[in-house]
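Structure first, commentary second.
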Amino acid sequence: MRIETLSVGGFGALRDRRLDLAPGLNVIFGPNEAGKSTWNQALYAALCGLRRGRGQTRAEREFEARHRPWDGTDWWVSSILRLEDGRRIELRQDLGGRVESQATDLDSGRDVRAEIVFEGSPDASRWLGLDRHAFLATACVRQADVLGVAAEPELLAEHLQRAAATAGTDATATAALARLEDFRRQRVGRDRAGSGRPLRQARESVERARERLDRARAAHEEYLSRARRREELEREAAAAEAAAATAAAVAAADRAAQLESSPGGAPGSARWPLIAAVVTAPVGLLLAVRGWPGPAAVLGLLLLGAAALVLAGRLGATRRRREPRRPAGASAGLASQLELARAEAARLARAAPPDALRSRGGRVPTAEEVEAMRGTVTSLQERAASARGAIEQFARQVPSVAEAEEALNRAEGELKRLRELDRILDLTAGFLQRAQEEVHRDIAPSLARSLRERLPRITGGRYLDALVDPASLEVRVCGQRRVWREASLLSQGTREQIHLLLRLALVEHLIRPGERSPILLDEITVHADESRTAALLGLLQELARNSQVVLFTQELRVAEWAASHLDGDGDRFLSLPGPIGEA
Amino acid sequence: MRLLHFADLHLDASFRWAGEGVAGGLRQALRDALTRILTLAAERRVGAILCAGDLYEQETFSPDTAAFLRQAFAGAAPIPILISPGNHDWLGPLSLYEQVDWSPNVHIFRSARPEPHPIAPGLTVWGAAHLAPAGQPDPLRDLRVGDRGLNLGLLHAAERHSGAPDPHAPFDPAEVPASGLRHLLCGHYHRPADGEWHTYPGNPEPLTFGEDGPRGVMLWTVEGRDRLRSERVAVSGRGWHDVALDVSACGSAQTVRERIGECLRERRGVARVTLGGELAAEVELVDGALARAAPWMDAVSVRTERLRWAHDLDALLDEPTVRGRFVREVMDAPLSEEDRTRVLRMGLRALEERGSLEGV
């Protein structure tokens with residue numbers, strides 16, 4: 001891919017400007033404030049566009065603050081691109097997001113936006129197999145990148161790792177693995193005693209919840225068991241009460257019968273048969289005489305017979321009572337006792353179950369036995385009452401089984417979630433680790449090969465060979481004496497140059513096979529001496545035979561080199577006028 | 001004469017999905033539903049209240065539920081209340097039914113075989129009890145109720161389907177007319193069902209999500225000698241909503257929360273929201289924050305398992321980077337789709353330096 005033309009509608013201080021580029025090396029010279037960095041960024045924006053979506057990252061906010069047109073005009077840039085398949089594409093990027101950005105095939109007029117849309121807008125680096133983030137991290141080498149490596153030597157390896165991991169857009173694989181491990185340590189942890197981390201805590205929560213549920217279930221069972229025991233006691237007390245009542249009734253009835261059958265035992269009651277006989281006899285006689293020979297006569301005869309029987313019984317009883325005679329007072333007392341015994345027997349009979357009375361036979365219980373039974377009843381009733389009180393008190397302490405089940409379910413759910421998370425973290429780290437090893441194994445020789453080819457030329461033969469460690473992607477170089485030195489320990493200028501070479505190698509490695517990527521360079525020679533600058537420019541010119549290179553510079557020696565080395569066909573030297581504001 | 005028929009209230013059920021503090025409210029809702037049922041019975045002047053089992057949970061009932069039931073049923077007197085215990089409130093020595101000194105209007109069927117209980121001249125209810133939590137045989141087998149009057153069955157029983165045998169009193173609807181019963185008032189299945197010979201009223205108050213649709217109690221009107229007319233009356237005091245929500249257009253967690261709030265704005269009660277669609281990779285959802293998106297609801301449970309995350313995997317597959325290799329290897333690995341999605345998401349988030357590796 002090559003950029004033929006860049007047109008700027010409005011971008012920072014640039015307005016209605018156009019830049020025609022050669023397919024090879026383009027050196028664009030300008031003093032401070034001439035707008036070199038603005039042109040560089042406009043070129044990037046014209047090629048890759050800006051992400052469209054909700055929210056803005058800090059970098060996006062800064063980009064907009066710096067490059068939105070100062071005069072409030074529409075923010076757009078466009079470019080005409082020549083692709084490797086021969087198509088010419090006009091790409092118009094509406095950076096303000098007001099209208100849809102467009103990508104049009106200039107030969108067919110076809111809309112090709114769908115081929116390269118990325119994060120909501122067309123991104124020409126998609127044709128290269130990159131995206132706008134990866135393009136920025138590899139094919140755009142800015143002064144800040146170079147200075148960064150100069151200031152912090154370890155950034156060299158990190159940049160390589162980052163490029164290898166995510167084409168430079170995001171973290172290195174090592175950092176990603178560290179993040180996974182840190183995440184596991186914080187959010188899962190190890191399941192060992194004394195650990196305060198979530199996994200151990202969750203397991204202990206489950207154990208506590210299980211114990212809680214066991215206690216709740218045991219209490220529930222205990223409650224049910226106590227309830228059953230209370231019912232049994234109540235039933236036993238009721239049965240004992242019925243038995244005692246039956247026994248007491250039987251004993252009382254027996255005592256009443258004894259009193260009644262004893263001599264003079266029923267003086268009051270003896271009168272009633274006599275009265276009955278006196279009344280029944282005349283009525284029977286009258287019915288017998290008047291009703292003869294009808295049913296009334298039969299009834300009268302029956303009444304007469306009954307009266308005779310009662311009188312005969314009465315006479316016999318009277319004879320038995322006459323010897324020996326009792327004092328009148330004793331007889332009255334006995335009658336009173338009998339009445340009381342009868343009343344007691346009747347009362348107890350009412351209390352006793354009728355079936356029990358009917359079915360009861362055999363020996364009459366003694367008063368002591370009845371009393372003992374009553375004692376048993378009292379004891380059982382007291383125990384039943386005590387059980388009732390105890391169960392009511394216990395019921396207030398019975399924990400909710402449902403709540404304990406829910407708590408256990410929550411705890412088990414959390415433990416399961418953490419174990420699943422641990423398993424997914426394991427899987428993820430495993431895949432990432434393998435991917436890192438394989439990619440580093442592939443990329444390390446490629447980078448080393450590229451360095452080996454270009455480093456001697458850049459360094460004027462000081463460094464002849466290079467190695468890239470597949471594990472860490474750390475670079476080591478050596479000279480003629482074959483003493484290997486870590487690149488991060490080399491001079492500032494050499495580090496910058498190695499960094500540039502690695503960036504070029506990365507672009508070659510990362511883009512889709514068969515594609516060629518434009519290289520956008522901004523002030524990359526600031527720390528190179530004259531000879532190395534010339535060597536570097538020579539290398540870029542050579543590189544530009546294959547890939548378009550656009551170099552922005554303010555260095556006069558670079559401009560002089562360009563003026564003397566670049567012809568008008570494949571390459572171009574362009575001198576920007578003075579400060580933009582004065583242009 | 002009117003009869004009120006309900007079943008499967010499951011007092012003291014545990015709500016395992018519910019968070020702490022929510023489940024207690026849901027259990028109270030079950031009691032409230034019973035109170036509404038008894039109020040409805042009084043308002044509609046029913047001649048009897050018929051409960052077809054699973055009134056409470058034997059394994060988890062709390063002691064004060066016994067007192068609550070006694071008081072509630074005594075308060076409904078003189079309306080007779082007939083109960084056929086089910087497999088969750090099965091009748092045994094330790095059953096709650098045995099611990100309560102029920103008011104005289106309460107009759108609990110105690111035999112595994114249906115037995116008659118006349119509730120009005122010419123109207124008999126045949127009920128039975130589960131005597132164990134499982135293994136109850138077909139209660140209608142060889143049952144003959146005679147021809148006199150209107151005979152209704154009140155059973156906690158499972159309509160026999162062609163599938164696996166049900167251990168909970170399975171019956172064939174054809175056995176109902178063969179037994180001489182005019183209709184079988186059932187409990188057991190929580191989904192309401194109206195058969196020619198049997199009716200399930202459904203559980204009056206949902207116990208879990210998915211138990212939606214018309215449910216409640218059945219009001220039966222006996223017309224003439226043996227004509228029955230039914231009316232289903234909802235008694236649930238709390239809405240249960242199972243909502244699927246596509247959040248594809250949401251560009252941030254805040255928008256997702258707002259969408260949840262919008263879709264629940266007119267609803268009250270309990271909701272389960274299943275998020276679907278595709279979210280941008282940078283959107284980070286926080287589970288607890290999502291559940292608080294509709295604070296006017298009693299409880300909101302948000303499921304995110306069906307969400308997809310918008311990584312341009314096709315583009316990454318071509319990348320000669322660790323990321324690209326990682327995506328290729330995960331895509332080719334023999335993983336379940338759920339695991340694949342989680343591993344990809346976690347790995348890419350680790351490489352992208354996202355705030356949370358889970359994203360939810």
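FYI, nothing fancy with the structure tokens labels: chains A, B, ... in order, residues from 1 per chain, ligands from 1 as they appear.
By chain and then residue number, the residues within 12 Å of A:Arg51 are Ala45, Cys48, Arg54, Gly55, Gln56, Thr57, Ala59, Glu60, Arg61, Phe63, Glu64, Gln93, Asp94, Leu95, Gly96, Gly97, Ser101, Val117, Phe118, Glu119, Gly120, Ser121, Pro122, Asp123, Asp131, Arg132 and His133 of chain A, counting only C-alpha atoms and disregarding those fewer than 3 positions away in sequence.
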>> Going by DSSP on the backbone, which residues of stretch 99-249 of chain B come out as helix (DSSP H, G or I)? List them as JSON, numbers by chain.
In response: {"B": [99, 175, 176, 177, 178, 179]}
Export, as a compact mmCIF listing (two decimals), in the first residue's frame, the selected residues with C-alpha atoms.
```txt
# COMPACT_ATOMS: atom_id res chain seq x y z
CA GLN B 99 -48.89 -31.13 66.40
CA GLU B 175 -59.69 -43.60 36.30
CA VAL B 176 -61.65 -40.60 37.55
CA PRO B 177 -64.98 -41.37 35.82
CA ALA B 178 -64.39 -45.08 36.35
CA SER B 179 -64.24 -44.48 40.09
```
>> With only C-alpha atoms considered, list every residue of chain B at most 8 Å from chain A, as a ChimeraX atom specification.
In response: /B:12-20,23-24,59-64,93-95,99,251-252,315,318-326,329-330,339,342-344,346-347,350-353,357
Write a file of the just-selected residues containing N, CA and C atoms, as a short mmCIF file (atom, residue, chain, number, x, y, z; two decimals), in the first residue's frame.
```
data_model
loop_
_atom_site.label_atom_id
_atom_site.label_comp_id
_atom_site.auth_asym_id
_atom_site.auth_seq_id
_atom_site.Cartn_x
_atom_site.Cartn_y
_atom_site.Cartn_z
N ASP B 12 -42.97 -22.00 54.08
CA ASP B 12 -41.61 -22.26 54.60
C ASP B 12 -40.66 -22.87 53.57
N ALA B 13 -41.00 -22.74 52.30
CA ALA B 13 -40.08 -23.21 51.26
C ALA B 13 -38.81 -22.37 51.31
N SER B 14 -37.71 -22.96 50.89
CA SER B 14 -36.48 -22.16 50.82
C SER B 14 -36.31 -21.65 49.39
N PHE B 15 -35.83 -20.44 49.27
CA PHE B 15 -35.61 -19.81 47.96
C PHE B 15 -34.11 -19.71 47.76
N ARG B 16 -33.54 -20.76 47.21
CA ARG B 16 -32.08 -20.86 47.19
C ARG B 16 -31.42 -19.82 46.29
N TRP B 17 -32.12 -19.37 45.28
CA TRP B 17 -31.53 -18.40 44.36
C TRP B 17 -31.48 -17.03 44.98
N ALA B 18 -32.33 -16.81 45.99
CA ALA B 18 -32.52 -15.44 46.48
C ALA B 18 -31.40 -15.04 47.43
N GLY B 19 -31.06 -13.81 47.40
CA GLY B 19 -30.04 -13.30 48.29
C GLY B 19 -30.58 -13.18 49.71
N GLU B 20 -29.63 -12.94 50.61
CA GLU B 20 -30.00 -12.81 52.01
C GLU B 20 -30.95 -11.62 52.15
N ALA B 23 -35.21 -13.78 50.68
CA ALA B 23 -35.95 -15.02 50.86
C ALA B 23 -36.99 -14.90 51.97
N GLY B 24 -36.63 -14.21 53.04
CA GLY B 24 -37.58 -14.05 54.14
C GLY B 24 -38.84 -13.35 53.67
N GLU B 59 -39.90 -30.59 55.78
CA GLU B 59 -38.47 -30.61 56.13
C GLU B 59 -37.98 -29.28 56.67
N THR B 60 -38.70 -28.22 56.39
CA THR B 60 -38.17 -26.91 56.77
C THR B 60 -39.16 -26.05 57.55
N PHE B 61 -40.33 -26.59 57.88
CA PHE B 61 -41.32 -25.70 58.47
C PHE B 61 -40.84 -25.19 59.83
N SER B 62 -41.20 -23.96 60.11
CA SER B 62 -40.80 -23.37 61.39
C SER B 62 -41.95 -23.55 62.39
N PRO B 63 -41.63 -23.64 63.69
CA PRO B 63 -42.68 -23.90 64.67
C PRO B 63 -43.82 -22.89 64.62
N ASP B 64 -43.50 -21.64 64.31
CA ASP B 64 -44.60 -20.68 64.33
C ASP B 64 -45.52 -20.81 63.14
N PRO B 93 -45.90 -39.32 61.92
CA PRO B 93 -45.95 -39.05 63.37
C PRO B 93 -45.39 -37.69 63.73
N LEU B 94 -44.45 -37.20 62.94
CA LEU B 94 -43.83 -35.91 63.25
C LEU B 94 -44.39 -34.77 62.42
N SER B 95 -45.48 -35.06 61.74
CA SER B 95 -46.05 -34.06 60.86
C SER B 95 -46.60 -32.87 61.65
N GLN B 99 -49.31 -31.93 65.25
CA GLN B 99 -48.89 -31.13 66.40
C GLN B 99 -49.88 -30.03 66.74
N GLY B 251 -23.40 0.86 25.05
CA GLY B 251 -21.96 1.08 24.93
C GLY B 251 -21.25 1.18 26.26
N SER B 252 -22.00 1.11 27.35
CA SER B 252 -21.35 1.21 28.66
C SER B 252 -22.20 0.47 29.69
N ALA B 315 -10.42 -10.91 12.84
CA ALA B 315 -9.22 -10.11 12.60
C ALA B 315 -8.05 -10.64 13.42
N ASP B 318 -5.84 -13.75 12.25
CA ASP B 318 -4.76 -13.58 11.26
C ASP B 318 -3.51 -12.97 11.85
N GLU B 319 -3.60 -12.49 13.07
CA GLU B 319 -2.50 -11.70 13.63
C GLU B 319 -1.31 -12.60 13.99
N PRO B 320 -0.10 -12.25 13.51
CA PRO B 320 1.06 -13.08 13.85
C PRO B 320 1.64 -12.71 15.21
N THR B 321 0.77 -12.56 16.18
CA THR B 321 1.18 -12.13 17.52
C THR B 321 0.79 -13.20 18.54
N VAL B 322 1.21 -12.97 19.77
CA VAL B 322 0.79 -13.87 20.85
C VAL B 322 -0.73 -13.88 20.93
N ARG B 323 -1.31 -12.69 20.80
CA ARG B 323 -2.76 -12.58 20.86
C ARG B 323 -3.41 -13.42 19.77
N GLY B 324 -2.90 -13.27 18.56
CA GLY B 324 -3.46 -14.03 17.44
C GLY B 324 -3.30 -15.52 17.66
N ARG B 325 -2.12 -15.93 18.14
CA ARG B 325 -1.87 -17.36 18.37
C ARG B 325 -2.78 -17.87 19.49
N PHE B 326 -2.92 -17.04 20.50
CA PHE B 326 -3.78 -17.41 21.63
C PHE B 326 -5.21 -17.65 21.12
N GLU B 329 -5.40 -20.87 19.04
CA GLU B 329 -5.31 -22.11 19.82
C GLU B 329 -6.57 -22.35 20.64
N VAL B 330 -7.11 -21.27 21.17
CA VAL B 330 -8.34 -21.44 21.97
C VAL B 330 -9.50 -21.86 21.05
N ASP B 339 -16.71 -22.48 28.06
CA ASP B 339 -15.31 -22.34 28.47
C ASP B 339 -14.52 -21.53 27.45
N ARG B 342 -15.22 -17.91 27.83
CA ARG B 342 -14.63 -17.34 29.04
C ARG B 342 -13.11 -17.21 28.91
N VAL B 343 -12.49 -18.24 28.35
CA VAL B 343 -11.03 -18.20 28.21
C VAL B 343 -10.62 -17.07 27.26
N LEU B 344 -11.33 -16.97 26.14
CA LEU B 344 -11.01 -15.91 25.18
C LEU B 344 -11.17 -14.54 25.83
N MET B 346 -11.17 -13.73 29.00
CA MET B 346 -10.22 -13.46 30.07
C MET B 346 -8.82 -13.18 29.49
N GLY B 347 -8.40 -13.99 28.52
CA GLY B 347 -7.07 -13.80 27.95
C GLY B 347 -6.96 -12.47 27.22
N ALA B 350 -6.81 -9.68 29.61
CA ALA B 350 -5.49 -9.60 30.25
C ALA B 350 -4.51 -8.90 29.31
N LEU B 351 -4.60 -9.21 28.03
CA LEU B 351 -3.70 -8.58 27.06
C LEU B 351 -4.07 -7.12 26.82
N GLU B 352 -5.36 -6.83 26.94
CA GLU B 352 -5.81 -5.45 26.69
C GLU B 352 -5.70 -4.59 27.94
N GLU B 353 -5.27 -5.17 29.04
CA GLU B 353 -5.10 -4.46 30.30
C GLU B 353 -6.40 -3.86 30.80
N LEU B 357 -10.70 -8.83 34.82
CA LEU B 357 -10.49 -9.90 33.85
C LEU B 357 -11.77 -10.66 33.57
#
```
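Omitting B:Gly86 and its sequence neighbours fewer than 2 positions away, and counting only C-alpha atoms, the residues within 9 Å are Asp8, Ala52, Gly53, Asp54, Leu55, Ser84, His88, Asp89, Trp90, Leu91, Ala128, Ala129, His130, Leu131, Ala132, Pro133, Leu155, His156, Ala157, His168, Gly187 and His188 of chain B.
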> Near stretch 370-372 of chain A, within 9 Å and counting only C-alpha atoms, which residues show up once chain neighbours fewer than 5 positions away are dropped, as JSON, numbers by chain?
Replying inline: {"A": [244, 245, 247, 248, 251, 365, 377]}
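Atom CA of A:Gln554 lies 7.0 Å from atom CA of A:Asn32.
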>> Based on the backbone DSSP call, show me all residues of stretch 4-78 of chain B assigned strand (DSSP E or B), as a PyMOL selection string.
In response: chain B and resi 4-6+11+48-51+56
